[in-house]
Each structure stands twice: as structure tokens, then as C-alpha cells.
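S.K.: The structure that follows is given in the form of C-alpha cells.
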Number of protein chains: 4
Amino acid sequence: MKLAKLGHVALVTPDLETSVGFFKDVIGLQEMERAGDSVYLRAWGDTEHHSLVLTAGSDSTVDHVAWRTEAPEDVAGYARQLEAAGTAVTWVEGGSEAGQGDAIRFRLPSGQAFELYYEMDKTPSPPGMGSRLKNQMGKSYGAGIAPRRIDHLNINVANPPEIHAFLAEQLGFKMRELLRVEGGFVPAGWMAVTALAHDIAVMHDPEGRPDRFHHVAYYCDNWHDVLRGAEVVRESGLPIDVGPGKHGGTQGFFLYVKDPGSGHRVEVFSGGYLVFDPDHEPYEWTEEELADLIIWYGPQLPETFLTETTGPGPVPALGGSA
Amino acid sequence: MKLAKLGHVALVTPDLETSVGFFKDVIGLQEMERAGDSVYLRAWGDTEHHSLVLTAGSDSTVDHVAWRTEAPEDVAGYARQLEAAGTAVTWVEGGSEAGQGDAIRFRLPSGQAFELYYEMDKTPSPPGMGSRLKNQMGKSYGAGIAPRRIDHLNINVANPPEIHAFLAEQLGFKMRELLRVEGGFVPAGWMAVTALAHDIAVMHDPEGRPDRFHHVAYYCDNWHDVLRGAEVVRESGLPIDVGPGKHGGTQGFFLYVKDPGSGHRVEVFSGGYLVFDPDHEPYEWTEEELADLIIWYGPQLPETFLTETTGPGPVPALGGSA
Amino acid sequence: MKLAKLGHVALVTPDLETSVGFFKDVIGLQEMERAGDSVYLRAWGDTEHHSLVLTAGSDSTVDHVAWRTEAPEDVAGYARQLEAAGTAVTWVEGGSEAGQGDAIRFRLPSGQAFELYYEMDKTPSPPGMGSRLKNQMGKSYGAGIAPRRIDHLNINVANPPEIHAFLAEQLGFKMRELLRVEGGFVPAGWMAVTALAHDIAVMHDPEGRPDRFHHVAYYCDNWHDVLRGAEVVRESGLPIDVGPGKHGGTQGFFLYVKDPGSGHRVEVFSGGYLVFDPDHEPYEWTEEELADLIIWYGPQLPETFLTETTGPGPVPALGGSA
Amino acid sequence: MKLAKLGHVALVTPDLETSVGFFKDVIGLQEMERAGDSVYLRAWGDTEHHSLVLTAGSDSTVDHVAWRTEAPEDVAGYARQLEAAGTAVTWVEGGSEAGQGDAIRFRLPSGQAFELYYEMDKTPSPPGMGSRLKNQMGKSYGAGIAPRRIDHLNINVANPPEIHAFLAEQLGFKMRELLRVEGGFVPAGWMAVTALAHDIAVMHDPEGRPDRFHHVAYYCDNWHDVLRGAEVVRESGLPIDVGPGKHGGTQGFFLYVKDPGSGHRVEVFSGGYLVFDPDHEPYEWTEEELADLIIWYGPQLPETFLTETTGPGPVPALGGSA
């Protein structure tokens, strides 16, 4: 059993139309379908029906984070394994999410809902939005920043090592980079099931909350696309959350901006490295190396970068640094 | 059993010092070690002791193409499997190639020598050439074009479908894209064992020769790095072979240039896509779509692009289009 | 008396709406005003009411090419000087072109109509299209390729040296680069009144026609914007005329595409150099150096590059190389 | 009489060899000549013998800032005009600076020494460093960041309006952008004699010192070159002073780094706009708009950005923000 990739992130937003407008006009995703209270979107290089779901709701929460399995039978296999390990699993019937087959859901020990699925429609682009390249779903560079594909997500939890262990043992994630502070505690780890530098980062919530969403990230082909993205954000009238700049850890050239409809943070980035070595040893950063881990060059992260997250509870204020 | 990645390409050159100078000063690889008649080099993002070997010899041939296995025991496992299938296998003792453990070698039905290994030193960079980033081996952007890492290679053979089948059945390569012409013949296929768009392309040699080397490709982080590479090549006084331009197939933004010491062709490129879907269906291009497959934009490939290859026999003339 | 800059190019098109759509959606200009049969557009960094006029007409011709004078009184001053030298001058009353004050028109000896003006409205952008930067007229990167500003134009004539001399003597243009062939004839010259590498190029028409329009060029801030422009053109379904590539002469990183409504050729480019030295000596290229002058890297120009021009007579076919 | 361009900046450094190494290996200038205690350098697109002079001395001061005149006779013309206006002028004999003819020197009311010259050798590049492009002096992208050409400088003074007026009245500079604070005081102005967004910026020294040097700026062709420059600086082991980021004022995409030999600040940047309109009205920024003026996106300027300058007095500490 193996997870194949991050499939999609399903976000709840108190202001659906503002959120949809942001993801379409500023981020540059393509609207694929509306069904019920949900809008399904994807980037031009995403291969499945959607990589983002926006659903109207009262809070700015994450409905679920979905991972595709390597084989159809892995969905049930993971269900059995998780239940055997004491994790409650529920089934999501095929079709209850647009384009998707039977899936399972469960919660991390920290509370975030994960979904595992295999079957998903590889839906062609809506009329006028398809690419003339036969190995590409959507027309690139149509609107907004226009990243290529979904890449990874970051969550904040109260006890990162517990979640790192859960992801490794239950789901096969491998540690790629980590921060180890004095006393040996690991407040941050970057983990992957694919060749990407990371598919998920799990970090310590400064306020000790267990179930926080930090950001979802979309990948751009070039650093320049991220700079152009900064122009797009500034001209949209929205504040830039942080960036553009380059993290030392995982080497992403980043730009963070928050959805004005929900406060969910989105990263568009380029660069990073791929890992093909089966014996990759996690890069361990120390507190002395923390500055380079966080920022290789570009703006420093504001104090609020780790505390301003979304999740159960009050909708965050939507301000940001310019 | 599984192959983890393309490890290195070992080229023979009639003019070792010219070739070393080209790969260091123009391509921008780092010299790691000299041993006997061989010079070992790698790019700043390569993780192992070397990704390129240059060995003095009378012809412009390929000594071998090396693939790392996913597990140590896979080397012997593949040896057994290949021999069982009728392919002769020889062992290469650890240390006979700098930095490398025990390995096996065998020939494709078309003649190209492949090597499988697992153990390889992850040698730090020579003094003054290491990166200050702890997740990166070498100092980036030190000299020449300075690509990040080795990516793939292309070979020409007399009967591509035979080699596609061998790679799929014996070594687990999956087809990513292919060209199918009238009558159903497949003269070109792009195959991968990793998430890359391709690790190897196998194409039909227009003159029906079985054992030809077309190029080895190094990956750059940005399209812009490739354009800057074109400046580097032009100012070096060498002709550009082809490019810069973008292939439709596999979407690489490319620049080809030939090593003046050997005539071996090198590609530096950026872009392309990653494949994480386990049920990826190969993109099939038809003859009608051939123009887009070959060139999405940029210079057309010259007639000689497929015929000017290296391999057993006379050293090629080293001219090129500007 | 001095010319300050190239102001705008006024093109006639047999298919106004197709042309307007092309310049807005593909090139990415902003529509400023419609008046009568004319549509006025500009790029986001242009400072005046318009830099391009599209007017419905039966042929694909150039109505006029307009240059701003350094001082208000220069318009009349040039009128007197031109008439004294035997060139017929007509006055264009203020307001007959949207946003523009009194102007003069005259024809080059080769037939192309030039206009000189000083007064032009610096009109704010239409609602929703203005930049949040106070030193920039329009919102950048809104649609299509989105170049910053108009830059230069190229014309073909029967006798280039005659026109080079007229531009130098009557209008103060300085020669920046030229091609001199055997016997001393100069079939191509790049000339400027500003610090740009050139404001106009005047080349020999291979068929000896005197009054041909080759292209108008818009400037992008980065080479990357031109590459992205190639994606925009390909996804639009239009053929690329030539490029992307880099000219040695004037060092522009170029992409040419033809307006499908008229066949007029448009260049978007980046790079080039500025000239601040008052004693700049023209760079003289010889026939032996012709290849580098034309293409430093990238696709070779097709045979038709110099012959497919617009002007009086039949509307050109609108095909192109991919 | 008219100034044609910024010619060169002559810096004094307490550690000549460290400074030369920095400007060659990190910034990527080419060493043209050593004479006495001075080293002359230029960028690959600079047209004259040098654009930077480094001279050994006890302090980190600016020996002079040199401007080329539009005509040979302007040097004496400016001498007469300046003396008539009460400014002391001294002559610098041809040859006392390498490559340069007779020149004059005088001090701004704030103390900075300016030099005006017309004659300067257009020296070919040293062997192996020339470009194969005939319209370009040096081989591009040879080492370090490798900007194209000198662009502008910034100085700090006690009373900016006095210097703005001197530059306008005595030397013909035009105001391009300015900051006007409550009460009407103008603490910062960007002025030009060329089409560049600015050739010099004159700002208020927070400590009221009259004669401070803030930075000299070199221009890169692409934003990406500046990002690559950030990698070069980080890998060199030097701290980045500020950046990369984009100023709203004059729109430069910047990276600041200090010469470790002297503490002089250097900017490499790309972008910006050109001004061709003779009636350009200065863009006036208010205090409310200050944030966008300073940073359109990227890192905020540290408090020390305006106070850490060079000039008469103690050599500055050479630390910096990473």
C-alpha cells in the first residue's frame, strides 16, 4: 500500500463567492464544476477533476485533505490498517464529491480530516479553457498567477512528533527535512510520499492548538512566475501575506497571500528539489541554523506567520503585511 | 524490485581535456575526482559522487548508463532476473568506479550498456565548492550554465518497440508519451521509473543503427537559466546545436550543445511535468500532431538532429547550427 | 527642434473587431476609446492616450506613424523646415484624432505617412484598469502578453540610404547600427531619436517596393515575459510568426506574431541596450557577420520574413510558421 | 550644455584587494586596468574605459562621481557657469585618471565631489573577456551577478531641496519622483539627465550629515538576474543588505549588498521605466503613500538603511541583515 499523491484540499469559507473570485482571478485556477454549496477548481496542470474544493460554511475550516492511493484496493487496505490501529474510519460514497469514487475519511490524532481515494475523473477542461498541448489539461497563463499544479500543504499541531510518527507509520510518509531544537524536540518536519521535497509539513502551533491549517501550496514553473504573481496580488488590491522570498528549507521561492473570503493562506512557489534516493537522510536543521532554514533570502516571516492559521473557531482577521 | 533513478552517464571522449573543460566551464559541472583515465563530475544539486564520467578513449562512445536501484538487494535481484531472461550480466566490483559499490552491467538488445548499482558515496563538494545551504551539495551558479541535476538521456535504436518492451518488462519503465505513426509503428517513446516526465527516450535511428547515443540532459530550475545558457554557449565560441525552444512532448524548454571534445550532445533544459498518477495513460501523438510534439515554440530541429549521434564507429564532425 | 519619442502607430485593418480582439486578448493592450471607425489602445506603461490606433478600412495599410516633438513649437518648426526642403505638409486639426492636439503629416520619400504632434492627453486608465502604482498608468499583467510600452517600428523601402538620410537630415535621427554589404550599399539601418537602441529600422524591400510596413514592437520588462508570450500565442490558436529568439543587432529577445485581422506584424521583445554616449559610432555589420546580426540564438528567420509586409495593395495571407 | 550620462563612481576603500575581489567575483565587473593605488572596472555593457574606480585610502569615502557631457566644449562651459555661480572648480588633467581626458571637479553644496568630462577611451575588453557580439563590450554572464551597466547613485544630504535645486539649476537634472511630507518639505527626490527613471537620488540624512554616499546601482536585464544575484551573494558568504524586492518609487527590482572591503553599498537591480516625455510631471508621493513608494513587494527596509552610509569619518561596521 502506498499513497500516490496529494489530490485536493477542501476548504470551507464563510464567503464563497469572494473565495471563488480570489482563486480564479488572483490565483488563476479554473472553475470546473458547481454542485450544491461547493465549487470545484483546479490548476492548468492538474490531472484530475479538481485540486481544490470551496464549500460555503460558517467557519474558515478545512473539510478534508485528500490523498490518492497507488492502487484501487489500497483505499480499503488503509481503512483496515487504520481501524486496526485504533483510528476511526468512515466511508464517503462515490459521487458525493464531484468526480470522485468511494473514499475513506479519518482524522489525524490532531484532528485534521484526511481522505483517501483512488477513483477520480480525469475531466477535460471546460470549453475554451483546454490546452492545445495534448499532455496538458488546461490552457496555461490564462488569468491571474496561474500556477501549474497543487503541490503540498502545511498544518500546525500541538505535538508535531506524534503526527510525524502517525504519518510515517500509518501512511508511509518519509521525513525529508526537520528542525531539531535543544533537548531534541522536533517542532517542524517536512514529509513526502512522492518525489517532491515535501507533500506536507507539520509544525508546532505556537499556542498549542492541535487542529490548524497553515496553507495549501501551488507550484509555478519559474521563479519569475512568482514575481509576476506579486504584481498580480498588489494590483488586485489584496495585501501580500509574505514574500516573495526563498525558504532555505525545501528551497521554495514563495509568495503567500490569504483568500479574502476565508482567511485561508495560499502559497504559490517555484523551485525546490526532488528526492529520488531511497536512502535519503532527513536534513536536520538546528536552532543556530534556523534563520537560513526559514529564509534564504527575502522578507523575514512576521511573528504572526505561525499563529495566523485557520481551523475550528473564530474566522481570522484578514489583514496582512503589504 | 525497482529502479530509483538515473545515476550517471559514462562517456568516452577522444579529447579528455577539451571535454572536461567544456563540461566544467560551459555546462558548469563540478569536477569531483580524477582517477586513471577518468574524470568524475556532477551538478550542484546532484546527490551522489558523480552524475557524469568522462574517460579518455579512441571513440566517442558511451561506456555505460547507470541506474540506481531502490534497494541494495535489487542489484543481485535484477542480475538473476536478467540472466533468467537470457541477458548476459557481468559484475563490476565495488571501487572500480570511483565512489561506487558492486554493480552489474548488461546490454540492451540494441547494444547500449546499462549498469545497475545501489551503493554510491554521497561525497561532499571539494573545498570552496560546497553550498552554504545544508540541503544542497554544491554552490549553485558558480560557473557556466550551472544546471541543478542530471535528468534523463535519449538513445537511438533500430527497433524502438523492442527496446521499449525490454525496458518495461525487465526494468519496470513506464511509457509516458509516444509517437504512433501510420500502421501503428511506434518510432519514439518517452519512459520513466521516477516521477519525471521521462528518464529515457528511445527513438528510431533514421539510418537503422542499433546502438546510438543521442544526448544526456541536465535540468535547470528556470526557463531563464536556459536562455542565459544560450548566452554562455554563444560567448564560449561554440555553436548552439539547437535551441532555445520548447518541445511539446514532455514540455522541456531546451538548449542542445555538443561537447567539442567528443561530439556527444548535451541538453540543458527546464520545465516539463511530473507524473504522480499510477494510472497515467501514455500521451499518444500522431503524425498529424508531430510538429507540436517536436517543437511547441522555437527553432525547428535540423534534419541532422536525429542522425548526428555518437556511438561505436567514427567520431562525428563537430559542426553545428549557430 | 527635436523629436522626443515614437508616439503611436495607426493601422488600418479590414477586420476591425478581430484586430481589436487580438491586440487586447493576445498582445494585452488596453482599450482606451472608440470613436468613429477607430479604436484607441495602449500598453500599461504607455503614458499617453494611446500608442496604437486601429481603423476599419479595405486594406492592411498604415494610416500614419506619429512622433512626439520635444517642444510645442517644434510641430510648426518642422512643418516649415520640411516644406522648405520640398516635402508637402498637411495639418491635422486637434481633436480629429482622439486625445491629440494640432499635428502635421507628411510622407517619407518612400511613401510612409509620418505625423508630428506635441499635445496629447495623458488620460487615466478606464475604471478597473488603472495601476495602484502612482508612477504607472495601467494595471500590469492583466491579460495576454501585456508588454509595458510601445518601443519601435520597422519599415521596408526600395532605397534605404535615401530614407536613412531623410530621417537624419530632416528629423534628427541618429544611426545606431547598420548592415553594409559589398560595394558599400547599406540595405538596413537602425536609427533613434531617443536613448533606445532604435526607434525605427529601415530596411530594403526584397521586391523593391517603396512603402511597406514590417512591424511595430512593444517592450516587455523581462525575457521571461516573451517566453510566456509564446505560450499565450500558441494557446490562442494563432501561429507564431518567428521566435522566441534573440537578434544580435540591437539585442532584442523577440517574438513576432501577426494580427489575424489585418496581417500586420507585431513584435513583443525584451532586452536591448540604451545609448547615452553622444559620440556613439554606428555598429557596422558586414555580410560575413550577417548571421549573428540577424539571430544571436533562436529560430532562423524564414525567407518570407522580409517579404511578408503590409501596405498599399492586396491584404496578405495570414498563415505563419508555428 | 547638457550632461549625457553618469560615467563612473570613484570609491575609496581601506581594503583595496577585498573590494576588488568583491566587485569582480560577486558583482561580476571586469577589471580593466591597475594604475597606482587605483583599480578600474566596468560591467560588460559599459561603453567606456571604466564605470567604477577603487582607490586605496584610509576611509570609506567617495573620491568623486563623474558625469559625461554631451559635447566636448561643455566641460569648460560648465566650469565657467559653475564658477560664475560661486562654485569652486578645479581642473583634472587628462590622463591623471586612466583613459580620461581633461575634466573638472567641484563639490555639491553638501560636499560630494562631482567630475565632468567628455573624453574617455572606449577601451576594448582585456583578452578573453570581450563579447563575440559586436555591439557589446564584454562577455556577458562570465562571473558573479554580472549586471549590464552602471545606472545611478544615491546620496544622503542634510538639506535635500538645496541639492535638488543645485542639480536642476546648475546641471540640468529634471525631477522624476519626489516625496513630499507634511508642511511641504521634500526629503527625497529622484532626478535624471537621461531617459532613465533616475540617474541620482538625493535623500535626507536622518542624522543631518551633509556628505554621505548611499549606494551605486548597476542594471541587470531581467528580474531573474537579480534573484540569481541573491544566490550568488548568499553562497559568497556575504550578508544581503536588503532584498530582493521591488521599490514602488522608480520601480526597481533591487538587491543591495555591501562591499566587505569598504562598507560601500551596491545595488543590482532590474526593471524601472524610461521617460521620453519632455513635459514629464514628477510623481509626488505623500507620507500616506510612503509604504508603497519604498516597497511595492519584498522585504521592508531596515531602520539602518538610511543611516548606514559611507563618507568622511569612521569606516562603518560591515554587518548586514541576511
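Ordered as shown in the C-alpha cells, chains take letters A, B, and onward, while each chain numbers its residues from 1 and ligands are numbered from 1 in the order shown.
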Could you list, as a ChimeraX atom specification, the residues of chain B having an atom within 8 Å of chain A when counting only C-alpha atoms?

M.R.: /B:4-5,70-71,133-135,194-195,221-223,248-250,271,276-278,283,292

S.K.: Restricted to C-alpha atoms, what would the selected residues look like written as a PDB file, in the first residue's frame?

M.R.:
```pdb
ATOM      1  CA  ALA B   4      15.174   4.527  -8.188  1.00  0.00           C
ATOM      2  CA  LYS B   5      16.718   6.917 -10.677  1.00  0.00           C
ATOM      3  CA  GLU B  70      15.590   1.135  -4.888  1.00  0.00           C
ATOM      4  CA  ALA B  71      17.150  -1.402  -2.509  1.00  0.00           C
ATOM      5  CA  LEU B 133      22.551  25.520   2.137  1.00  0.00           C
ATOM      6  CA  LYS B 134      22.536  22.292   4.070  1.00  0.00           C
ATOM      7  CA  ASN B 135      20.097  20.628   1.712  1.00  0.00           C
ATOM      8  CA  THR B 194      10.625   8.143 -11.455  1.00  0.00           C
ATOM      9  CA  ALA B 195       8.044  10.923 -11.329  1.00  0.00           C
ATOM     10  CA  ASP B 221      15.356  25.463 -12.258  1.00  0.00           C
ATOM     11  CA  ASN B 222      14.068  28.140 -14.631  1.00  0.00           C
ATOM     12  CA  TRP B 223      13.450  28.763 -18.303  1.00  0.00           C
ATOM     13  CA  GLY B 248       5.610  19.883 -26.939  1.00  0.00           C
ATOM     14  CA  GLY B 249       6.430  16.320 -25.959  1.00  0.00           C
ATOM     15  CA  THR B 250       7.388  16.273 -22.266  1.00  0.00           C
ATOM     16  CA  GLY B 271      10.151  22.868 -17.244  1.00  0.00           C
ATOM     17  CA  PHE B 276       2.195  11.069  -9.787  1.00  0.00           C
ATOM     18  CA  ASP B 277      -0.845   9.244 -11.096  1.00  0.00           C
ATOM     19  CA  PRO B 278      -0.324   5.476 -11.010  1.00  0.00           C
ATOM     20  CA  TYR B 283       0.016  10.552 -24.333  1.00  0.00           C
ATOM     21  CA  ASP B 292       3.704  20.218 -31.920  1.00  0.00           C
TER      22      ASP B 292
END
```

S.K.: Write down as JSON, numbers by chain the residues of segment 37-197 of chain C whose backbone DSSP state falls under helix (DSSP H, G or I).

M.R.: {"C": [74, 75, 76, 77, 78, 79, 80, 81, 82, 83, 84, 160, 161, 162, 163, 164, 165, 166, 167, 168, 169, 170, 171]}

S.K.: May I have the selected residues written with N, CA, C and O atoms, as a PDB file, in the first residue's frame?

M.R.:
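Full text of result04.pdb as output:
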```pdb
ATOM      1  N   ASP C  74       7.848  72.982 -31.883  1.00  0.00           N
ATOM      2  CA  ASP C  74       8.589  72.164 -32.854  1.00  0.00           C
ATOM      3  C   ASP C  74       7.680  71.638 -33.960  1.00  0.00           C
ATOM      4  O   ASP C  74       8.160  71.331 -35.065  1.00  0.00           O
ATOM      5  N   VAL C  75       6.397  71.503 -33.662  1.00  0.00           N
ATOM      6  CA  VAL C  75       5.497  70.982 -34.696  1.00  0.00           C
ATOM      7  C   VAL C  75       5.481  71.926 -35.892  1.00  0.00           C
ATOM      8  O   VAL C  75       5.723  71.511 -37.042  1.00  0.00           O
ATOM      9  N   ALA C  76       5.252  73.187 -35.606  1.00  0.00           N
ATOM     10  CA  ALA C  76       5.264  74.169 -36.698  1.00  0.00           C
ATOM     11  C   ALA C  76       6.672  74.338 -37.265  1.00  0.00           C
ATOM     12  O   ALA C  76       6.853  74.561 -38.470  1.00  0.00           O
ATOM     13  N   GLY C  77       7.632  74.232 -36.406  1.00  0.00           N
ATOM     14  CA  GLY C  77       9.028  74.366 -36.854  1.00  0.00           C
ATOM     15  C   GLY C  77       9.396  73.288 -37.855  1.00  0.00           C
ATOM     16  O   GLY C  77       9.991  73.566 -38.910  1.00  0.00           O
ATOM     17  N   TYR C  78       9.020  72.092 -37.551  1.00  0.00           N
ATOM     18  CA  TYR C  78       9.283  71.006 -38.508  1.00  0.00           C
ATOM     19  C   TYR C  78       8.475  71.196 -39.793  1.00  0.00           C
ATOM     20  O   TYR C  78       8.942  70.868 -40.883  1.00  0.00           O
ATOM     21  N   ALA C  79       7.264  71.725 -39.640  1.00  0.00           N
ATOM     22  CA  ALA C  79       6.451  71.968 -40.837  1.00  0.00           C
ATOM     23  C   ALA C  79       7.191  72.916 -41.779  1.00  0.00           C
ATOM     24  O   ALA C  79       7.299  72.661 -42.993  1.00  0.00           O
ATOM     25  N   ARG C  80       7.694  73.984 -41.220  1.00  0.00           N
ATOM     26  CA  ARG C  80       8.423  74.964 -42.045  1.00  0.00           C
ATOM     27  C   ARG C  80       9.669  74.331 -42.669  1.00  0.00           C
ATOM     28  O   ARG C  80       9.933  74.495 -43.858  1.00  0.00           O
ATOM     29  N   GLN C  81      10.395  73.612 -41.869  1.00  0.00           N
ATOM     30  CA  GLN C  81      11.652  73.032 -42.361  1.00  0.00           C
ATOM     31  C   GLN C  81      11.397  72.008 -43.459  1.00  0.00           C
ATOM     32  O   GLN C  81      12.092  71.970 -44.484  1.00  0.00           O
ATOM     33  N   LEU C  82      10.373  71.176 -43.231  1.00  0.00           N
ATOM     34  CA  LEU C  82      10.068  70.148 -44.230  1.00  0.00           C
ATOM     35  C   LEU C  82       9.610  70.776 -45.533  1.00  0.00           C
ATOM     36  O   LEU C  82      10.023  70.353 -46.626  1.00  0.00           O
ATOM     37  N   GLU C  83       8.749  71.770 -45.431  1.00  0.00           N
ATOM     38  CA  GLU C  83       8.257  72.426 -46.646  1.00  0.00           C
ATOM     39  C   GLU C  83       9.403  73.121 -47.369  1.00  0.00           C
ATOM     40  O   GLU C  83       9.477  73.095 -48.605  1.00  0.00           O
ATOM     41  N   ALA C  84      10.265  73.737 -46.596  1.00  0.00           N
ATOM     42  CA  ALA C  84      11.419  74.406 -47.206  1.00  0.00           C
ATOM     43  C   ALA C  84      12.285  73.405 -47.967  1.00  0.00           C
ATOM     44  O   ALA C  84      12.910  73.734 -48.972  1.00  0.00           O
ATOM     45  N   PRO C 160      16.865  52.201 -49.041  1.00  0.00           N
ATOM     46  CA  PRO C 160      17.083  52.557 -47.630  1.00  0.00           C
ATOM     47  C   PRO C 160      17.992  53.755 -47.416  1.00  0.00           C
ATOM     48  O   PRO C 160      17.662  54.627 -46.599  1.00  0.00           O
ATOM     49  N   PRO C 161      19.137  53.864 -48.106  1.00  0.00           N
ATOM     50  CA  PRO C 161      20.010  55.003 -47.795  1.00  0.00           C
ATOM     51  C   PRO C 161      19.309  56.358 -47.975  1.00  0.00           C
ATOM     52  O   PRO C 161      19.584  57.300 -47.233  1.00  0.00           O
ATOM     53  N   GLU C 162      18.404  56.431 -48.946  1.00  0.00           N
ATOM     54  CA  GLU C 162      17.674  57.686 -49.145  1.00  0.00           C
ATOM     55  C   GLU C 162      16.827  58.008 -47.907  1.00  0.00           C
ATOM     56  O   GLU C 162      16.753  59.164 -47.479  1.00  0.00           O
ATOM     57  N   ILE C 163      16.221  56.994 -47.359  1.00  0.00           N
ATOM     58  CA  ILE C 163      15.349  57.232 -46.200  1.00  0.00           C
ATOM     59  C   ILE C 163      16.177  57.461 -44.943  1.00  0.00           C
ATOM     60  O   ILE C 163      15.838  58.296 -44.095  1.00  0.00           O
ATOM     61  N   HIS C 164      17.277  56.724 -44.803  1.00  0.00           N
ATOM     62  CA  HIS C 164      18.183  56.987 -43.678  1.00  0.00           C
ATOM     63  C   HIS C 164      18.615  58.457 -43.685  1.00  0.00           C
ATOM     64  O   HIS C 164      18.634  59.115 -42.640  1.00  0.00           O
ATOM     65  N   ALA C 165      18.934  58.932 -44.872  1.00  0.00           N
ATOM     66  CA  ALA C 165      19.406  60.324 -44.974  1.00  0.00           C
ATOM     67  C   ALA C 165      18.282  61.299 -44.645  1.00  0.00           C
ATOM     68  O   ALA C 165      18.486  62.294 -43.949  1.00  0.00           O
ATOM     69  N   PHE C 166      17.089  61.006 -45.142  1.00  0.00           N
ATOM     70  CA  PHE C 166      15.948  61.890 -44.851  1.00  0.00           C
ATOM     71  C   PHE C 166      15.685  61.934 -43.349  1.00  0.00           C
ATOM     72  O   PHE C 166      15.488  63.008 -42.759  1.00  0.00           O
ATOM     73  N   LEU C 167      15.683  60.787 -42.720  1.00  0.00           N
ATOM     74  CA  LEU C 167      15.412  60.741 -41.271  1.00  0.00           C
ATOM     75  C   LEU C 167      16.502  61.490 -40.491  1.00  0.00           C
ATOM     76  O   LEU C 167      16.219  62.179 -39.509  1.00  0.00           O
ATOM     77  N   ALA C 168      17.728  61.351 -40.944  1.00  0.00           N
ATOM     78  CA  ALA C 168      18.829  62.018 -40.246  1.00  0.00           C
ATOM     79  C   ALA C 168      18.776  63.525 -40.460  1.00  0.00           C
ATOM     80  O   ALA C 168      18.872  64.306 -39.504  1.00  0.00           O
ATOM     81  N   GLU C 169      18.583  63.913 -41.696  1.00  0.00           N
ATOM     82  CA  GLU C 169      18.703  65.341 -42.019  1.00  0.00           C
ATOM     83  C   GLU C 169      17.453  66.118 -41.654  1.00  0.00           C
ATOM     84  O   GLU C 169      17.535  67.257 -41.175  1.00  0.00           O
ATOM     85  N   GLN C 170      16.306  65.548 -41.904  1.00  0.00           N
ATOM     86  CA  GLN C 170      15.065  66.286 -41.656  1.00  0.00           C
ATOM     87  C   GLN C 170      14.556  66.122 -40.219  1.00  0.00           C
ATOM     88  O   GLN C 170      13.890  67.007 -39.695  1.00  0.00           O
ATOM     89  N   LEU C 171      14.838  64.990 -39.601  1.00  0.00           N
ATOM     90  CA  LEU C 171      14.184  64.700 -38.320  1.00  0.00           C
ATOM     91  C   LEU C 171      15.161  64.400 -37.181  1.00  0.00           C
ATOM     92  O   LEU C 171      14.739  64.150 -36.055  1.00  0.00           O
TER      93      LEU C 171
END
```

S.K.: Which polymer residues have any atom within 6 Å of an atom of Val65 of chain A, counting only C-alpha atoms, with same-chain residues fewer than 3 positions away left out, as a PDB file with N, CA, C and O atoms, in the first residue's frame?

M.R.:
```
ATOM      1  N   VAL A   9      -7.444  19.690  -1.635  1.00  0.00           N
ATOM      2  CA  VAL A   9      -7.747  20.248  -0.324  1.00  0.00           C
ATOM      3  C   VAL A   9      -9.136  20.847  -0.415  1.00  0.00           C
ATOM      4  O   VAL A   9      -9.442  21.570  -1.374  1.00  0.00           O
ATOM      5  N   PHE A 114      -8.403  13.627   6.984  1.00  0.00           N
ATOM      6  CA  PHE A 114      -7.775  13.154   5.756  1.00  0.00           C
ATOM      7  C   PHE A 114      -8.767  12.274   5.008  1.00  0.00           C
ATOM      8  O   PHE A 114      -9.601  11.604   5.626  1.00  0.00           O
ATOM      9  N   GLU A 115      -8.644  12.289   3.702  1.00  0.00           N
ATOM     10  CA  GLU A 115      -9.453  11.423   2.852  1.00  0.00           C
ATOM     11  C   GLU A 115      -8.516  10.646   1.943  1.00  0.00           C
ATOM     12  O   GLU A 115      -7.538  11.197   1.445  1.00  0.00           O
TER      13      GLU A 115
END
```

S.K.: Need the shell around His49 of chain C: protein/DNA/RNA residues with any atom at most 6 Å away, counting only C-alpha atoms. Skip same-chain ones fewer than 3 positions apart. Format as a PyMOL selection string?

M.R.: chain C and resi 121-123

S.K.: Please provide the set of residues having any atom within 10 Å of Ile295 of chain B, restricted to only C-alpha atoms, with same-chain residues fewer than 2 positions apart removed, written as a tab-separated table (two decimals) with N, CA, C and O atoms, in the first residue's frame.

M.R.:
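Dumped to selection-v4.tsv:
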```tsv
chain	number	residue	atom	x	y	z
B	245	GLY	N	14.33	26.51	-27.21
B	245	GLY	CA	12.97	26.31	-27.68
B	245	GLY	C	12.26	25.35	-26.74
B	245	GLY	O	12.86	24.85	-25.79
B	246	LYS	N	11.00	25.10	-27.02
B	246	LYS	CA	10.24	24.23	-26.14
B	246	LYS	C	9.65	23.07	-26.93
B	246	LYS	O	8.95	23.28	-27.92
B	247	HIS	N	9.95	21.86	-26.49
B	247	HIS	CA	9.31	20.68	-27.04
B	247	HIS	C	7.86	20.63	-26.54
B	247	HIS	O	7.58	20.96	-25.38
B	248	GLY	N	6.95	20.21	-27.43
B	248	GLY	CA	5.61	19.88	-26.94
B	248	GLY	C	5.65	18.60	-26.13
B	248	GLY	O	5.14	18.52	-25.02
B	249	GLY	N	6.28	17.58	-26.68
B	249	GLY	CA	6.43	16.32	-25.96
B	249	GLY	C	7.29	16.51	-24.73
B	249	GLY	O	8.41	17.01	-24.83
B	251	GLN	N	7.38	18.68	-22.72
B	251	GLN	CA	7.34	20.10	-22.35
B	251	GLN	C	8.67	20.69	-21.88
B	251	GLN	O	8.67	21.68	-21.13
B	252	GLY	N	9.76	20.14	-22.30
B	252	GLY	CA	11.04	20.70	-21.87
B	252	GLY	C	11.41	21.94	-22.66
B	252	GLY	O	11.33	21.95	-23.89
B	253	PHE	N	11.84	22.99	-21.95
B	253	PHE	CA	12.38	24.18	-22.61
B	253	PHE	C	13.89	23.94	-22.74
B	253	PHE	O	14.61	23.93	-21.75
B	290	LEU	N	2.75	15.77	-35.12
B	290	LEU	CA	4.19	15.67	-34.95
B	290	LEU	C	4.87	17.02	-34.75
B	290	LEU	O	5.79	17.16	-33.93
B	291	ALA	N	4.39	18.03	-35.47
B	291	ALA	CA	5.05	19.34	-35.38
B	291	ALA	C	4.98	19.87	-33.94
B	291	ALA	O	5.98	20.37	-33.41
B	292	ASP	N	3.83	19.74	-33.30
B	292	ASP	CA	3.70	20.22	-31.92
B	292	ASP	C	4.48	19.34	-30.94
B	292	ASP	O	5.01	19.83	-29.94
B	293	LEU	N	4.49	18.05	-31.21
B	293	LEU	CA	5.27	17.15	-30.37
B	293	LEU	C	6.73	17.59	-30.34
B	293	LEU	O	7.35	17.69	-29.27
B	297	TYR	N	7.37	25.78	-29.42
B	297	TYR	CA	7.85	27.05	-29.99
B	297	TYR	C	9.37	27.05	-29.99
B	297	TYR	O	9.99	26.35	-29.21
B	298	GLY	N	9.92	27.83	-30.90
B	298	GLY	CA	11.37	27.91	-31.02
B	298	GLY	C	11.84	27.31	-32.33
B	298	GLY	O	11.02	27.01	-33.20
B	299	PRO	N	13.14	27.16	-32.48
B	299	PRO	CA	13.68	26.71	-33.77
B	299	PRO	C	13.28	25.28	-34.10
B	299	PRO	O	13.19	24.42	-33.22
B	300	GLN	N	13.04	25.04	-35.36
B	300	GLN	CA	12.80	23.68	-35.82
B	300	GLN	C	14.07	22.86	-35.67
B	300	GLN	O	15.18	23.39	-35.72
B	301	LEU	N	13.90	21.57	-35.46
B	301	LEU	CA	15.06	20.70	-35.39
B	301	LEU	C	15.63	20.50	-36.79
B	301	LEU	O	14.88	20.27	-37.74
C	322	ALA	N	4.71	27.87	-37.38
C	322	ALA	CA	4.30	27.60	-36.00
C	322	ALA	C	5.45	27.92	-35.06
C	322	ALA	O	5.37	27.70	-33.89
```
